[in-house]
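Reviewing the structure listed below.
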Amino acid sequence: MINILDLLSRIFISLLFLINGYFKIANYDGTLEWMEGYNVPGILLIPAIILEFAAPILIIVGYKTKIAAFLLAAFCMTTALIFHTDFSSQIQITSFLKNIALTGGFLLIVVNGAKKYSLDNIKK
């Protein structure tokens with residue numbers, strides 16, 4: 001049961017990034033404008049999209065899981081500190097805390113790795 005819960009947890013935490021990566025592509029110009037409104041160079045949008053697709057897929061299949069989880073933990077912390085620091089807004093507080101919580105979830109994956117149902121743990 002622990003191995004199934006591990007796999008489900010990796011899927012659930014990764015879905016958000018796959019969906020948001022798609023949204024960034026679908027609304028590329030709007031996302032670019034939003035980022036630049038925070039003085040974040042627009043050139044970083046493409047690496048963000050790549051990260052939001054590649055890292056979650058790696059986490060779901062359990063390949064290089066700890067590295068992918070560390071990258072998403074850093075991404076979540078950075079996102080919280082750049083985009084969600086208007087603590088006069090309840091929505092921004094919630095977004096900040098969501099990103100901090102996701103950082104914690106990814107750090108748990110960094111510490112524990114993936115369990116049985118992962119490419120990292122295939123016996124050769």
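Naming scheme: A, B, ... for chains in displayed order of the structure tokens; residues 1 onward per chain; ligands 1 onward as shown.
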*Do a neighbour search on segment 70-83 of chain A at 10 Å with only C-alpha atoms, toss out local chain neighbours closer than 5 positions, and write the hits as number ranges by chain.*
A: 14, 17, 34-35, 37-40, 48, 51-52, 55-56, 59, 65, 92-93, 95-111
Can you spit out the residues from that selection as a compact mmCIF listing (two decimals), in the first residue's frame, using C-alpha atoms?
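That gives us part_33.txt:
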# COMPACT_ATOMS: atom_id res chain seq x y z
CA SER A 14 2.93 16.73 -10.45
CA PHE A 17 2.72 21.69 -13.02
CA TRP A 34 2.46 39.04 -16.34
CA MET A 35 6.05 37.91 -15.68
CA GLY A 37 5.14 43.05 -14.83
CA TYR A 38 7.17 41.62 -11.93
CA ASN A 39 10.45 42.56 -13.64
CA VAL A 40 11.17 38.93 -14.50
CA ALA A 48 9.84 27.60 -16.91
CA LEU A 51 10.65 22.63 -16.29
CA GLU A 52 6.89 22.45 -15.70
CA ALA A 55 10.24 17.61 -14.03
CA PRO A 56 6.69 16.38 -13.28
CA ILE A 59 8.69 12.55 -10.90
CA THR A 65 13.22 11.74 -9.01
CA GLN A 92 -1.75 36.18 -2.56
CA ILE A 93 -1.27 34.83 0.97
CA SER A 95 -0.80 31.40 -3.24
CA PHE A 96 2.35 32.08 -1.21
CA LEU A 97 1.49 29.35 1.30
CA LYS A 98 0.54 26.92 -1.51
CA ASN A 99 3.98 27.39 -3.02
CA ILE A 100 5.66 26.94 0.36
CA ALA A 101 3.62 23.75 0.93
CA LEU A 102 4.58 22.44 -2.51
CA THR A 103 8.22 23.20 -1.71
CA GLY A 104 7.86 21.06 1.41
CA GLY A 105 6.22 18.25 -0.54
CA PHE A 106 9.00 18.24 -3.11
CA LEU A 107 11.66 18.32 -0.39
CA LEU A 108 10.05 15.20 1.12
CA ILE A 109 10.52 13.54 -2.26
CA VAL A 110 14.14 14.74 -2.33
CA VAL A 111 14.75 13.16 1.08
Segment 18-124 of chain A near segment 2-10 of chain A within 6 Å: what's each residue's closest atom pair and its distance in Å to one decimal, counting only C-alpha atoms, ordered by chain then ascending residue number, as a Markdown table?
| residue | atom | partner | partner_atom | distance |
| --- | --- | --- | --- | --- |
| A:Ile60 | CA | A:Arg10 | CA | 5.4 |
| A:Lys115 | CA | A:Asn3 | CA | 5.7 |
| A:Lys116 | CA | A:Asn3 | CA | 5.7 |
*Neighbour list for Leu45 of chain A as a list in words, cut-off 12 Å, only C-alpha atoms, skip fewer than 4 positions in-chain*: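 Residues near the query, excluding close chain neighbours: Gly21, Phe23, Lys24, Ile25, Asn27, Tyr28, Asp29, Gly30, Thr31, Leu32, Glu33, Trp34, Met35, Glu36, Val40, Pro41, Ile49, Ile50, Leu51 and Glu52 of chain A.
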*asked:* Can you measure atom CA of Ala54 of chain A to atom CA of Thr94 of chain A for me? One decimal in Å is fine.
replied: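 Atom CA of Thr94 of chain A lies 25.9 Å from atom CA of Ala54 of chain A.
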*When DSSP works through the backbone of this structure, what residues of segment 27-107 of chain A end up as helix (DSSP H, G or I), shown as a ChimeraX atom specification?*
/A:28-37,42-61,65-83,90-107
_So, with only C-alpha atoms as the atoms that count, which of A:Ser88, A:Ala114, A:Ile46, A:Ile57 lies closest to Leu18 of chain A?_
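Of A:Ser88, A:Ala114, A:Ile46, A:Ile57, the one nearest Leu18 of chain A is A:Ile57, counting only C-alpha atoms.
Picture a line from atom CA of Ile13 of chain A to atom CA of Ile91 of chain A; it runs 20.3 Å.
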